[in-house]
>>> print(open('final-v3.pdb').read())   # PDB, C-alpha atoms and all ligand atoms
ATOM      1  CA  MET A 477      47.852 123.109 118.714  1.00  0.00           C
ATOM      2  CA  LYS A 478      49.011 120.277 116.462  1.00  0.00           C
ATOM      3  CA  LYS A 479      52.094 118.555 117.861  1.00  0.00           C
ATOM      4  CA  GLY A 480      55.300 118.359 115.850  1.00  0.00           C
ATOM      5  CA  LYS A 481      56.590 115.114 114.383  1.00  0.00           C
ATOM      6  CA  LEU A 482      59.637 113.326 115.710  1.00  0.00           C
ATOM      7  CA  ILE A 483      62.000 112.191 112.962  1.00  0.00           C
ATOM      8  CA  VAL A 484      64.911 109.871 113.700  1.00  0.00           C
ATOM      9  CA  VAL A 485      67.712 109.723 111.137  1.00  0.00           C
ATOM     10  CA  SER A 486      70.321 106.954 111.359  1.00  0.00           C
ATOM     11  CA  GLY A 487      72.989 105.569 109.088  1.00  0.00           C
ATOM     12  CA  PRO A 488      76.660 104.657 109.267  1.00  0.00           C
ATOM     13  CA  SER A 489      79.202 107.273 110.263  1.00  0.00           C
ATOM     14  CA  GLY A 490      80.272 109.280 107.198  1.00  0.00           C
ATOM     15  CA  ILE A 491      77.180 108.487 105.103  1.00  0.00           C
ATOM     16  CA  GLY A 492      76.142 112.165 105.168  1.00  0.00           C
ATOM     17  CA  LYS A 493      73.457 112.345 107.884  1.00  0.00           C
ATOM     18  CA  ASP A 494      74.563 115.761 109.136  1.00  0.00           C
ATOM     19  CA  THR A 495      75.012 117.091 105.598  1.00  0.00           C
ATOM     20  CA  VAL A 496      71.543 115.950 104.477  1.00  0.00           C
ATOM     21  CA  VAL A 497      69.852 117.196 107.661  1.00  0.00           C
ATOM     22  CA  ALA A 498      71.683 120.560 107.511  1.00  0.00           C
ATOM     23  CA  GLU A 499      70.472 121.024 103.934  1.00  0.00           C
ATOM     24  CA  TYR A 500      66.941 120.002 104.961  1.00  0.00           C
ATOM     25  CA  LEU A 501      67.024 122.645 107.737  1.00  0.00           C
ATOM     26  CA  LYS A 502      68.049 125.351 105.238  1.00  0.00           C
ATOM     27  CA  ARG A 503      64.901 124.597 103.254  1.00  0.00           C
ATOM     28  CA  ASN A 504      62.426 123.686 106.033  1.00  0.00           C
ATOM     29  CA  ASP A 505      61.505 124.693 109.565  1.00  0.00           C
ATOM     30  CA  ALA A 506      62.417 122.055 112.153  1.00  0.00           C
ATOM     31  CA  TYR A 507      64.464 121.720 115.343  1.00  0.00           C
ATOM     32  CA  LYS A 508      67.578 119.522 115.323  1.00  0.00           C
ATOM     33  CA  SER A 509      68.223 117.862 118.630  1.00  0.00           C
ATOM     34  CA  ILE A 510      71.731 118.616 119.977  1.00  0.00           C
ATOM     35  CA  SER A 511      73.244 115.532 121.615  1.00  0.00           C
ATOM     36  CA  CYS A 512      75.873 115.343 124.343  1.00  0.00           C
ATOM     37  CA  THR A 513      79.038 113.420 123.601  1.00  0.00           C
ATOM     38  CA  SER A 514      82.331 112.595 125.261  1.00  0.00           C
ATOM     39  CA  ARG A 515      84.154 112.254 121.920  1.00  0.00           C
ATOM     40  CA  LYS A 516      86.842 114.721 120.879  1.00  0.00           C
ATOM     41  CA  ILE A 517      85.910 117.764 118.817  1.00  0.00           C
ATOM     42  CA  ARG A 518      86.424 117.077 115.106  1.00  0.00           C
ATOM     43  CA  GLU A 519      87.134 119.539 112.313  1.00  0.00           C
ATOM     44  CA  GLY A 520      83.865 121.191 111.346  1.00  0.00           C
ATOM     45  CA  ASP A 521      82.299 120.669 114.779  1.00  0.00           C
ATOM     46  CA  ILE A 522      80.843 123.726 116.472  1.00  0.00           C
ATOM     47  CA  PRO A 523      80.502 123.319 120.268  1.00  0.00           C
ATOM     48  CA  ASP A 524      76.861 123.505 121.417  1.00  0.00           C
ATOM     49  CA  LYS A 525      75.689 123.455 117.813  1.00  0.00           C
ATOM     50  CA  THR A 526      76.832 120.097 116.462  1.00  0.00           C
ATOM     51  CA  TYR A 527      77.149 118.594 119.968  1.00  0.00           C
ATOM     52  CA  HIS A 528      77.474 119.561 123.601  1.00  0.00           C
ATOM     53  CA  PHE A 529      81.042 118.345 124.208  1.00  0.00           C
ATOM     54  CA  ILE A 530      81.469 117.096 127.773  1.00  0.00           C
ATOM     55  CA  THR A 531      83.873 114.816 129.613  1.00  0.00           C
ATOM     56  CA  LYS A 532      83.250 111.146 130.308  1.00  0.00           C
ATOM     57  CA  GLU A 533      82.730 112.031 133.993  1.00  0.00           C
ATOM     58  CA  GLU A 534      80.207 114.764 133.162  1.00  0.00           C
ATOM     59  CA  PHE A 535      78.373 112.305 130.903  1.00  0.00           C
ATOM     60  CA  GLU A 536      78.255 109.677 133.647  1.00  0.00           C
ATOM     61  CA  ASN A 537      76.786 112.270 136.018  1.00  0.00           C
ATOM     62  CA  LYS A 538      74.023 113.026 133.500  1.00  0.00           C
ATOM     63  CA  ILE A 539      73.222 109.295 133.346  1.00  0.00           C
ATOM     64  CA  LYS A 540      73.073 109.142 137.169  1.00  0.00           C
ATOM     65  CA  ASN A 541      70.846 112.230 137.349  1.00  0.00           C
ATOM     66  CA  GLY A 542      68.389 110.818 134.781  1.00  0.00           C
ATOM     67  CA  GLU A 543      68.937 113.734 132.375  1.00  0.00           C
ATOM     68  CA  LEU A 544      69.108 111.585 129.236  1.00  0.00           C
ATOM     69  CA  LEU A 545      66.257 110.295 127.086  1.00  0.00           C
ATOM     70  CA  GLU A 546      68.598 107.666 125.654  1.00  0.00           C
ATOM     71  CA  TYR A 547      72.320 107.138 125.359  1.00  0.00           C
ATOM     72  CA  THR A 548      74.834 104.732 123.933  1.00  0.00           C
ATOM     73  CA  ILE A 549      78.538 104.001 123.669  1.00  0.00           C
ATOM     74  CA  TYR A 550      79.710 104.208 120.061  1.00  0.00           C
ATOM     75  CA  ASN A 551      83.358 103.542 119.166  1.00  0.00           C
ATOM     76  CA  ASN A 552      84.369 104.009 122.828  1.00  0.00           C
ATOM     77  CA  ASN A 553      82.603 107.352 123.302  1.00  0.00           C
ATOM     78  CA  TYR A 554      79.340 108.268 124.998  1.00  0.00           C
ATOM     79  CA  TYR A 555      76.539 109.868 122.954  1.00  0.00           C
ATOM     80  CA  GLY A 556      73.119 110.789 124.335  1.00  0.00           C
ATOM     81  CA  THR A 557      69.992 112.884 123.895  1.00  0.00           C
ATOM     82  CA  LEU A 558      68.938 115.315 126.619  1.00  0.00           C
ATOM     83  CA  LYS A 559      65.355 114.823 127.783  1.00  0.00           C
ATOM     84  CA  ASN A 560      64.208 118.381 128.316  1.00  0.00           C
ATOM     85  CA  THR A 561      64.106 120.003 124.856  1.00  0.00           C
ATOM     86  CA  ILE A 562      62.453 117.273 122.772  1.00  0.00           C
ATOM     87  CA  ASP A 563      58.951 117.379 124.301  1.00  0.00           C
ATOM     88  CA  GLU A 564      59.089 121.159 124.622  1.00  0.00           C
ATOM     89  CA  GLN A 565      59.683 121.537 120.859  1.00  0.00           C
ATOM     90  CA  LEU A 566      57.092 118.891 119.893  1.00  0.00           C
ATOM     91  CA  GLU A 567      54.453 120.602 122.102  1.00  0.00           C
ATOM     92  CA  LYS A 568      55.219 123.897 120.332  1.00  0.00           C
ATOM     93  CA  GLY A 569      54.307 122.184 117.049  1.00  0.00           C
ATOM     94  CA  LYS A 570      57.902 121.999 115.820  1.00  0.00           C
ATOM     95  CA  ASP A 571      59.169 118.939 114.041  1.00  0.00           C
ATOM     96  CA  VAL A 572      62.213 117.539 115.821  1.00  0.00           C
ATOM     97  CA  ILE A 573      65.008 115.722 113.983  1.00  0.00           C
ATOM     98  CA  MET A 574      67.312 113.429 115.946  1.00  0.00           C
ATOM     99  CA  VAL A 575      70.462 112.120 114.252  1.00  0.00           C
ATOM    100  CA  ILE A 576      71.362 109.047 116.287  1.00  0.00           C
ATOM    101  CA  GLU A 577      72.708 105.528 115.835  1.00  0.00           C
ATOM    102  CA  VAL A 578      70.638 102.333 115.622  1.00  0.00           C
ATOM    103  CA  GLU A 579      70.491 101.414 119.318  1.00  0.00           C
ATOM    104  CA  GLY A 580      69.270 104.929 120.138  1.00  0.00           C
ATOM    105  CA  GLU A 581      66.618 104.668 117.421  1.00  0.00           C
ATOM    106  CA  ALA A 582      65.282 101.444 118.947  1.00  0.00           C
ATOM    107  CA  ASN A 583      65.058 103.123 122.380  1.00  0.00           C
ATOM    108  CA  VAL A 584      63.380 106.255 120.994  1.00  0.00           C
ATOM    109  CA  LYS A 585      60.770 104.131 119.160  1.00  0.00           C
ATOM    110  CA  LYS A 586      59.840 102.527 122.512  1.00  0.00           C
ATOM    111  CA  ILE A 587      59.189 105.958 124.034  1.00  0.00           C
ATOM    112  CA  TYR A 588      57.729 107.601 120.890  1.00  0.00           C
ATOM    113  CA  PRO A 589      56.108 104.819 118.798  1.00  0.00           C
ATOM    114  CA  ASP A 590      54.894 107.426 116.248  1.00  0.00           C
ATOM    115  CA  ALA A 591      58.422 108.625 115.498  1.00  0.00           C
ATOM    116  CA  ILE A 592      59.337 108.352 111.805  1.00  0.00           C
ATOM    117  CA  SER A 593      62.576 106.413 111.397  1.00  0.00           C
ATOM    118  CA  ILE A 594      64.749 106.938 108.337  1.00  0.00           C
ATOM    119  CA  PHE A 595      67.989 105.137 107.497  1.00  0.00           C
ATOM    120  CA  LEU A 596      70.527 106.676 105.114  1.00  0.00           C
ATOM    121  CA  LEU A 597      72.367 104.134 102.999  1.00  0.00           C
ATOM    122  CA  PRO A 598      75.598 104.627 101.024  1.00  0.00           C
ATOM    123  CA  PRO A 599      75.607 104.012  97.249  1.00  0.00           C
ATOM    124  CA  SER A 600      78.438 101.513  98.009  1.00  0.00           C
ATOM    125  CA  MET A 601      80.818 100.604 100.850  1.00  0.00           C
ATOM    126  CA  ASP A 602      83.747 102.062  98.868  1.00  0.00           C
ATOM    127  CA  ILE A 603      81.993 105.406  98.599  1.00  0.00           C
ATOM    128  CA  LEU A 604      81.267 105.309 102.338  1.00  0.00           C
ATOM    129  CA  LYS A 605      84.959 104.731 103.077  1.00  0.00           C
ATOM    130  CA  ASP A 606      85.940 107.594 100.727  1.00  0.00           C
ATOM    131  CA  ARG A 607      83.560 109.954 102.513  1.00  0.00           C
ATOM    132  CA  LEU A 608      84.970 108.971 105.907  1.00  0.00           C
ATOM    133  CA  ILE A 609      88.535 109.520 104.689  1.00  0.00           C
ATOM    134  CA  ASN A 610      87.731 112.799 102.903  1.00  0.00           C
ATOM    135  CA  ARG A 611      86.014 114.218 105.994  1.00  0.00           C
ATOM    136  CA  GLY A 612      89.430 113.947 107.642  1.00  0.00           C
ATOM    137  CA  ASN A 613      90.693 114.025 111.206  1.00  0.00           C
ATOM    138  CA  VAL A 614      90.375 110.263 111.810  1.00  0.00           C
ATOM    139  CA  SER A 615      93.052 107.617 112.152  1.00  0.00           C
ATOM    140  CA  PRO A 616      93.176 104.572 109.833  1.00  0.00           C
ATOM    141  CA  GLU A 617      92.184 102.440 112.876  1.00  0.00           C
ATOM    142  CA  ASP A 618      89.157 104.634 113.484  1.00  0.00           C
ATOM    143  CA  ILE A 619      88.151 104.290 109.802  1.00  0.00           C
ATOM    144  CA  GLU A 620      88.369 100.483 110.091  1.00  0.00           C
ATOM    145  CA  ASP A 621      86.304 100.531 113.312  1.00  0.00           C
ATOM    146  CA  ARG A 622      83.672 102.712 111.710  1.00  0.00           C
ATOM    147  CA  MET A 623      83.527 100.519 108.573  1.00  0.00           C
ATOM    148  CA  LYS A 624      82.995  97.396 110.714  1.00  0.00           C
ATOM    149  CA  THR A 625      80.297  99.156 112.724  1.00  0.00           C
ATOM    150  CA  ALA A 626      78.742 100.334 109.432  1.00  0.00           C
ATOM    151  CA  GLU A 627      78.174  96.759 108.274  1.00  0.00           C
ATOM    152  CA  ARG A 628      76.381  95.876 111.516  1.00  0.00           C
ATOM    153  CA  GLU A 629      74.283  99.037 111.321  1.00  0.00           C
ATOM    154  CA  ILE A 630      73.279  98.505 107.696  1.00  0.00           C
ATOM    155  CA  ALA A 631      72.070  95.012 108.646  1.00  0.00           C
ATOM    156  CA  THR A 632      69.557  96.579 111.073  1.00  0.00           C
ATOM    157  CA  SER A 633      68.208  99.032 108.499  1.00  0.00           C
ATOM    158  CA  VAL A 634      65.394  96.605 107.551  1.00  0.00           C
ATOM    159  CA  ARG A 635      63.371  97.652 110.601  1.00  0.00           C
ATOM    160  CA  TYR A 636      63.360 101.357 109.684  1.00  0.00           C
ATOM    161  CA  ASP A 637      60.193 102.967 108.283  1.00  0.00           C
ATOM    162  CA  TYR A 638      62.092 104.441 105.321  1.00  0.00           C
ATOM    163  CA  LYS A 639      65.477 104.123 103.628  1.00  0.00           C
ATOM    164  CA  ILE A 640      67.189 106.752 101.465  1.00  0.00           C
ATOM    165  CA  ILE A 641      70.327 106.164  99.405  1.00  0.00           C
ATOM    166  CA  ASN A 642      72.489 109.263  99.813  1.00  0.00           C
ATOM    167  CA  ASP A 643      74.001 109.376  96.336  1.00  0.00           C
ATOM    168  CA  ASP A 644      73.103 112.785  94.930  1.00  0.00           C
ATOM    169  CA  LEU A 645      72.681 115.209  97.856  1.00  0.00           C
ATOM    170  CA  ASP A 646      69.780 117.167  96.376  1.00  0.00           C
ATOM    171  CA  ASN A 647      67.838 113.970  95.631  1.00  0.00           C
ATOM    172  CA  ALA A 648      68.424 112.694  99.163  1.00  0.00           C
ATOM    173  CA  VAL A 649      67.156 115.956 100.673  1.00  0.00           C
ATOM    174  CA  LYS A 650      64.081 115.874  98.422  1.00  0.00           C
ATOM    175  CA  SER A 651      63.356 112.282  99.513  1.00  0.00           C
ATOM    176  CA  LEU A 652      63.587 113.360 103.147  1.00  0.00           C
ATOM    177  CA  GLU A 653      61.220 116.281 102.452  1.00  0.00           C
ATOM    178  CA  ASN A 654      58.686 113.972 100.780  1.00  0.00           C
ATOM    179  CA  ILE A 655      58.745 111.473 103.639  1.00  0.00           C
ATOM    180  CA  ILE A 656      58.224 114.155 106.294  1.00  0.00           C
ATOM    181  CA  LYS A 657      55.578 116.024 104.261  1.00  0.00           C
ATOM    182  CA  ASN A 658      53.588 112.840 103.616  1.00  0.00           C
ATOM    183  CA  ASN A 659      53.635 111.856 107.274  1.00  0.00           C
ATOM    184  CA  ILE A 660      52.633 115.341 108.425  1.00  0.00           C
ATOM    185  CA  ASN A 661      49.590 115.339 106.126  1.00  0.00           C
ATOM    186  CA  GLU A 662      48.299 112.041 107.511  1.00  0.00           C
TER
HETATM  187  P1  LIG B 701      77.632 111.713 108.989  1.00  0.00           P
HETATM  188  O1  LIG B 701      76.896 112.842 109.648  1.00  0.00           O
HETATM  189  O2  LIG B 701      76.709 110.658 108.487  1.00  0.00           O
HETATM  190  O3  LIG B 701      78.741 111.137 109.805  1.00  0.00           O
HETATM  191  P2  LIG B 701      78.669 113.821 107.215  1.00  0.00           P
HETATM  192  O4  LIG B 701      77.406 114.617 106.992  1.00  0.00           O
HETATM  193  O5  LIG B 701      79.688 114.384 108.140  1.00  0.00           O
HETATM  194  O6  LIG B 701      78.310 112.311 107.655  1.00  0.00           O
HETATM  195  O7  LIG B 701      79.290 113.542 105.777  1.00  0.00           O
HETATM  196  C1  LIG B 701      80.506 112.832 105.615  1.00  0.00           C
HETATM  197  C2  LIG B 701      81.249 113.360 104.404  1.00  0.00           C
HETATM  198  O8  LIG B 701      80.522 113.027 103.213  1.00  0.00           O
HETATM  199  C3  LIG B 701      81.372 114.888 104.413  1.00  0.00           C
HETATM  200  O9  LIG B 701      82.655 115.239 103.959  1.00  0.00           O
HETATM  201  C4  LIG B 701      80.285 115.349 103.436  1.00  0.00           C
HETATM  202  O10 LIG B 701      80.618 116.581 102.820  1.00  0.00           O
HETATM  203  C5  LIG B 701      80.230 114.206 102.434  1.00  0.00           C
HETATM  204  N1  LIG B 701      78.889 114.005 101.810  1.00  0.00           N
HETATM  205  C6  LIG B 701      77.688 113.985 102.418  1.00  0.00           C
HETATM  206  N2  LIG B 701      76.680 113.736 101.544  1.00  0.00           N
HETATM  207  C7  LIG B 701      77.269 113.600 100.334  1.00  0.00           C
HETATM  208  C8  LIG B 701      76.769 113.327  99.001  1.00  0.00           C
HETATM  209  N3  LIG B 701      75.466 113.145  98.750  1.00  0.00           N
HETATM  210  N4  LIG B 701      77.666 113.252  98.008  1.00  0.00           N
HETATM  211  C9  LIG B 701      79.001 113.428  98.242  1.00  0.00           C
HETATM  212  N5  LIG B 701      79.538 113.683  99.461  1.00  0.00           N
HETATM  213  C10 LIG B 701      78.693 113.776 100.499  1.00  0.00           C
HETATM  214  P1  LIG B 702      79.996 110.995 115.138  1.00  0.00           P
HETATM  215  O1  LIG B 702      81.158 110.704 116.034  1.00  0.00           O
HETATM  216  O2  LIG B 702      80.245 110.551 113.719  1.00  0.00           O
HETATM  217  O3  LIG B 702      79.511 112.427 115.237  1.00  0.00           O
HETATM  218  O4  LIG B 702      78.759 110.118 115.657  1.00  0.00           O
HETATM  219  C1  LIG B 702      78.852 108.731 115.802  1.00  0.00           C
HETATM  220  C2  LIG B 702      77.465 108.112 115.838  1.00  0.00           C
HETATM  221  O5  LIG B 702      76.761 108.497 117.042  1.00  0.00           O
HETATM  222  C3  LIG B 702      76.565 108.555 114.686  1.00  0.00           C
HETATM  223  O6  LIG B 702      75.891 107.395 114.167  1.00  0.00           O
HETATM  224  C4  LIG B 702      75.586 109.498 115.333  1.00  0.00           C
HETATM  225  O7  LIG B 702      74.349 109.555 114.647  1.00  0.00           O
HETATM  226  C5  LIG B 702      75.422 108.841 116.694  1.00  0.00           C
HETATM  227  N1  LIG B 702      74.859 109.759 117.696  1.00  0.00           N
HETATM  228  C6  LIG B 702      75.035 111.087 117.807  1.00  0.00           C
HETATM  229  N2  LIG B 702      74.347 111.572 118.850  1.00  0.00           N
HETATM  230  C7  LIG B 702      73.697 110.527 119.406  1.00  0.00           C
HETATM  231  C8  LIG B 702      72.798 110.407 120.527  1.00  0.00           C
HETATM  232  O8  LIG B 702      72.450 111.356 121.210  1.00  0.00           O
HETATM  233  N3  LIG B 702      72.351 109.151 120.803  1.00  0.00           N
HETATM  234  C9  LIG B 702      72.697 108.080 120.081  1.00  0.00           C
HETATM  235  N4  LIG B 702      72.161 106.891 120.430  1.00  0.00           N
HETATM  236  N5  LIG B 702      73.543 108.149 119.027  1.00  0.00           N
HETATM  237  C10 LIG B 702      74.029 109.363 118.692  1.00  0.00           C
END
>>> encode(input="final-v3.pdb", output="C-alpha cells", more="lines below")
Ligand code: ADP
Ligand code: 5GP
Amino acid sequence: MKKGKLIVVSGPSGIGKDTVVAEYLKRNDAYKSISCTSRKIREGDIPDKTYHFITKEEFENKIKNGELLEYTIYNNNYYGTLKNTIDEQLEKGKDVIMVIEVEGEANVKKIYPDAISIFLLPPSMDILKDRLINRGNVSPEDIEDRMKTAEREIATSVRYDYKIINDDLDNAVKSLENIIKNNINE
C-alpha cells in the first residue's frame, strides 16, 4: 500500500494554522496529529481533540519515557508530538498533518526528510496582532511575547518548502490543497 504523506504546518501563533487545517480537513481526508501540551486550556480548545492537556510533571515523564517524537518549550509551556500514532497513520496510507512550531519542524525533517513543510505568513504584522487579540483569552503580555516570537519565526520561514499568505481563508485552503495534491502525484 502507498504510504501517506507527512505535512508539517508552521507559522506564528494566531496566523490561522488551526483554522486553515480544520477547513482543509472538512474538504479532504487526512489525520491531524494531536500534540500534548502543558499550557492552559484556551477558549475554543477541546481536550483530546485540539491537544492532550497534561501537567508539566506528566510532560516531563513522557520525555523521560521516550514517548515523544519531538518536543519544545514555547512561551514557557511544553508542546510535543507523541511517537506512536504518526507512523501507524502513514503506514495505513493516510496523510498526516502536524501543526508545530519551527524548532519542531526542523526536528521532524531530520527524522522524515520527505515531509512537506509549509509556513503560513500573515498579510501584515498588524493583522497578525489583531487576530491574536480577537481570538481572546490572552493577556497583553502574552500578546507581546507572541509577537516577538512571531518575528523570529518568520525569519526562519525561508527554509520551508512552501509559504502561504493566509489572507483570504478560502484561497489559503486551496493553496494548501494544491501543494499536497501536487506532492502526492509525484
Ligand atoms: P493559530 O492556530 O495559527 O494560532 P487560529 O487558527 O487559532 O491561529 O486563528 C487565530 C484567529 O484568526 C482566529 O480567531 C481565527 O478565526 C482567525 N483567522 C484565521 N484565518 C483567518 C483568515 N484567513 N482571515 C481572518 N481571520 C482568520
Ligand atoms: P498555541 O499555544 O497557540 O496552541 O501553540 C503555540 C505554538 O506551539 C504553535 O506554533 C503551535 O503550532 C506549536 N505546537 C503545537 N503543538 C506542538 C508540538 O507538538 N510540537 C511543537 N514543536 N510545537 C507545537
>>> resolve_selection(input="final-v3.pdb", expression="the PyMOL selection byres (((not hetatm)) within 10 of (chain B and resi 701))", output="PyMOL selection string")
chain A and resi 485-499+519-521+526+575-577+596-599+603-612+622+641-649
>>> write_last_selection(input="final-v3.pdb", atoms="C-alpha atoms", output="compact mmCIF listing (two decimals), keeping the file's coordinate frame")
# COMPACT_ATOMS: atom_id res chain seq x y z
CA VAL A 485 67.71 109.72 111.14
CA SER A 486 70.32 106.95 111.36
CA GLY A 487 72.99 105.57 109.09
CA PRO A 488 76.66 104.66 109.27
CA SER A 489 79.20 107.27 110.26
CA GLY A 490 80.27 109.28 107.20
CA ILE A 491 77.18 108.49 105.10
CA GLY A 492 76.14 112.16 105.17
CA LYS A 493 73.46 112.34 107.88
CA ASP A 494 74.56 115.76 109.14
CA THR A 495 75.01 117.09 105.60
CA VAL A 496 71.54 115.95 104.48
CA VAL A 497 69.85 117.20 107.66
CA ALA A 498 71.68 120.56 107.51
CA GLU A 499 70.47 121.02 103.93
CA GLU A 519 87.13 119.54 112.31
CA GLY A 520 83.86 121.19 111.35
CA ASP A 521 82.30 120.67 114.78
CA THR A 526 76.83 120.10 116.46
CA VAL A 575 70.46 112.12 114.25
CA ILE A 576 71.36 109.05 116.29
CA GLU A 577 72.71 105.53 115.84
CA LEU A 596 70.53 106.68 105.11
CA LEU A 597 72.37 104.13 103.00
CA PRO A 598 75.60 104.63 101.02
CA PRO A 599 75.61 104.01 97.25
CA ILE A 603 81.99 105.41 98.60
CA LEU A 604 81.27 105.31 102.34
CA LYS A 605 84.96 104.73 103.08
CA ASP A 606 85.94 107.59 100.73
CA ARG A 607 83.56 109.95 102.51
CA LEU A 608 84.97 108.97 105.91
CA ILE A 609 88.54 109.52 104.69
CA ASN A 610 87.73 112.80 102.90
CA ARG A 611 86.01 114.22 105.99
CA GLY A 612 89.43 113.95 107.64
CA ARG A 622 83.67 102.71 111.71
CA ILE A 641 70.33 106.16 99.40
CA ASN A 642 72.49 109.26 99.81
CA ASP A 643 74.00 109.38 96.34
CA ASP A 644 73.10 112.78 94.93
CA LEU A 645 72.68 115.21 97.86
CA ASP A 646 69.78 117.17 96.38
CA ASN A 647 67.84 113.97 95.63
CA ALA A 648 68.42 112.69 99.16
CA VAL A 649 67.16 115.96 100.67
>>> closest_atom_pairs(input="final-v3.pdb", of="chain A", to="ligand LIG 702 (chain B)", cutoff="9 Å", atoms="all atoms listed in the file", output="Markdown table")
| residue | atom | partner | partner_atom | distance |
| --- | --- | --- | --- | --- |
| A:Val485 | CA | B:LIG702 | O7 | 7.5 |
| A:Ser486 | CA | B:LIG702 | O7 | 5.8 |
| A:Gly487 | CA | B:LIG702 | O6 | 6.1 |
| A:Pro488 | CA | B:LIG702 | O6 | 5.7 |
| A:Ser489 | CA | B:LIG702 | O2 | 4.9 |
| A:Gly490 | CA | B:LIG702 | O2 | 6.6 |
| A:Lys493 | CA | B:LIG702 | O7 | 7.4 |
| A:Asp494 | CA | B:LIG702 | O7 | 8.3 |
| A:Ser509 | CA | B:LIG702 | O8 | 8.2 |
| A:Ile510 | CA | B:LIG702 | O8 | 7.4 |
| A:Ser511 | CA | B:LIG702 | O8 | 4.3 |
| A:Cys512 | CA | B:LIG702 | O8 | 6.1 |
| A:Thr513 | CA | B:LIG702 | N2 | 6.9 |
| A:Arg515 | CA | B:LIG702 | O1 | 6.8 |
| A:Lys516 | CA | B:LIG702 | O1 | 8.5 |
| A:Ile517 | CA | B:LIG702 | O1 | 9.0 |
| A:Arg518 | CA | B:LIG702 | O1 | 8.3 |
| A:Asp521 | CA | B:LIG702 | O3 | 8.7 |
| A:Thr526 | CA | B:LIG702 | O3 | 8.2 |
| A:Tyr527 | CA | B:LIG702 | N2 | 7.6 |
| A:Leu544 | CA | B:LIG702 | O8 | 8.7 |
| A:Leu545 | CA | B:LIG702 | O8 | 8.6 |
| A:Glu546 | CA | B:LIG702 | N3 | 6.3 |
| A:Tyr547 | CA | B:LIG702 | N4 | 4.9 |
| A:Thr548 | CA | B:LIG702 | N4 | 4.9 |
| A:Ile549 | CA | B:LIG702 | N4 | 7.7 |
| A:Tyr550 | CA | B:LIG702 | O5 | 6.0 |
| A:Asn551 | CA | B:LIG702 | C1 | 7.7 |
| A:Asn553 | CA | B:LIG702 | O1 | 8.1 |
| A:Tyr554 | CA | B:LIG702 | N3 | 8.2 |
| A:Tyr555 | CA | B:LIG702 | C8 | 4.5 |
| A:Gly556 | CA | B:LIG702 | O8 | 3.2 |
| A:Thr557 | CA | B:LIG702 | O8 | 3.9 |
| A:Leu558 | CA | B:LIG702 | O8 | 7.6 |
| A:Met574 | CA | B:LIG702 | O8 | 7.6 |
| A:Val575 | CA | B:LIG702 | O7 | 4.7 |
| A:Ile576 | CA | B:LIG702 | O7 | 3.4 |
| A:Glu577 | CA | B:LIG702 | O6 | 4.0 |
| A:Val578 | CA | B:LIG702 | N4 | 6.8 |
| A:Glu579 | CA | B:LIG702 | N4 | 5.8 |
| A:Gly580 | CA | B:LIG702 | N4 | 3.5 |
| A:Glu581 | CA | B:LIG702 | N4 | 6.7 |
| A:Ala582 | CA | B:LIG702 | N4 | 8.9 |
| A:Asn583 | CA | B:LIG702 | N4 | 8.3 |
| A:Val584 | CA | B:LIG702 | N4 | 8.8 |
| A:Arg622 | CA | B:LIG702 | C1 | 8.7 |
| A:Ala626 | CA | B:LIG702 | O6 | 9.0 |
| A:Glu629 | CA | B:LIG702 | O6 | 9.0 |
>>> resolve_selection(input="final-v3.pdb", expression="the PyMOL selection byres (((chain A and resi 482) around 6) and not hetatm)", output="list in words")
Lys481, Ile483, Asp571, Val572 and Ala591 of chain A
>>> write_last_selection(input="final-v3.pdb", atoms="C-alpha atoms", output="short mmCIF file (atom, residue, chain, number, x, y, z; two decimals), in the frame of the given file")
data_model
loop_
_atom_site.label_atom_id
_atom_site.label_comp_id
_atom_site.auth_asym_id
_atom_site.auth_seq_id
_atom_site.Cartn_x
_atom_site.Cartn_y
_atom_site.Cartn_z
CA LYS A 481 56.59 115.11 114.38
CA ILE A 483 62.00 112.19 112.96
CA ASP A 571 59.17 118.94 114.04
CA VAL A 572 62.21 117.54 115.82
CA ALA A 591 58.42 108.62 115.50
#
>>> atom_distance(input="final-v3.pdb", atom1="atom CA of A:Asp505", atom2="atom CA of A:Ile562")
15.2 Å
>>> closest_residue(input="final-v3.pdb", among="A:Ile592, A:Ala506, A:Met623, A:Ile530", to="A:Gln565", atoms="only C-alpha atoms")
A:Ala506
>>> axis_aligned_box(input="final-v3.pdb", around="stretch 606-612 of chain A", padding_each_side="8 Å", output="AutoDock Vina command-line options")
--center_x 86.5 --center_y 110.9 --center_z 104.2 --size_x 21.9 --size_y 22.6 --size_z 22.9
>>> residues_around(input="final-v3.pdb", residues="A:Tyr636", least_positions_apart="6", cutoff="8 Å", atoms="all atoms listed in the file", output="list in words")
Ser593, Ile594 and Phe595 of chain A
>>> atom_distance(input="final-v3.pdb", atom1="atom CA of A:Lys570", atom2="atom CA of A:Val634")
27.7 Å
>>> atom_distance(input="final-v3.pdb", atom1="atom CA of A:Ile573", atom2="atom CA of A:Lys585")
13.4 Å
>>> decode(input="final-v3.pdb", residues="stretch 650-654 of chain A", atoms="N, CA, C and O atoms", output="PDB file, in the first residue's frame")
ATOM      1  N   LYS A 650      -7.161  26.503  -0.473  1.00  0.00           N
ATOM      2  CA  LYS A 650      -6.937  25.999  -1.840  1.00  0.00           C
ATOM      3  C   LYS A 650      -5.436  25.859  -2.129  1.00  0.00           C
ATOM      4  O   LYS A 650      -5.009  24.906  -2.782  1.00  0.00           O
ATOM      5  N   SER A 651      -4.638  26.800  -1.642  1.00  0.00           N
ATOM      6  CA  SER A 651      -3.178  26.698  -1.842  1.00  0.00           C
ATOM      7  C   SER A 651      -2.649  25.449  -1.148  1.00  0.00           C
ATOM      8  O   SER A 651      -1.830  24.711  -1.705  1.00  0.00           O
ATOM      9  N   LEU A 652      -3.132  25.207   0.068  1.00  0.00           N
ATOM     10  CA  LEU A 652      -2.698  24.021   0.810  1.00  0.00           C
ATOM     11  C   LEU A 652      -3.091  22.754   0.044  1.00  0.00           C
ATOM     12  O   LEU A 652      -2.294  21.813  -0.096  1.00  0.00           O
ATOM     13  N   GLU A 653      -4.316  22.739  -0.481  1.00  0.00           N
ATOM     14  CA  GLU A 653      -4.781  21.571  -1.259  1.00  0.00           C
ATOM     15  C   GLU A 653      -3.884  21.346  -2.470  1.00  0.00           C
ATOM     16  O   GLU A 653      -3.499  20.207  -2.757  1.00  0.00           O
ATOM     17  N   ASN A 654      -3.543  22.415  -3.166  1.00  0.00           N
ATOM     18  CA  ASN A 654      -2.703  22.270  -4.380  1.00  0.00           C
ATOM     19  C   ASN A 654      -1.330  21.726  -4.028  1.00  0.00           C
ATOM     20  O   ASN A 654      -0.814  20.855  -4.721  1.00  0.00           O
TER      21      ASN A 654
END
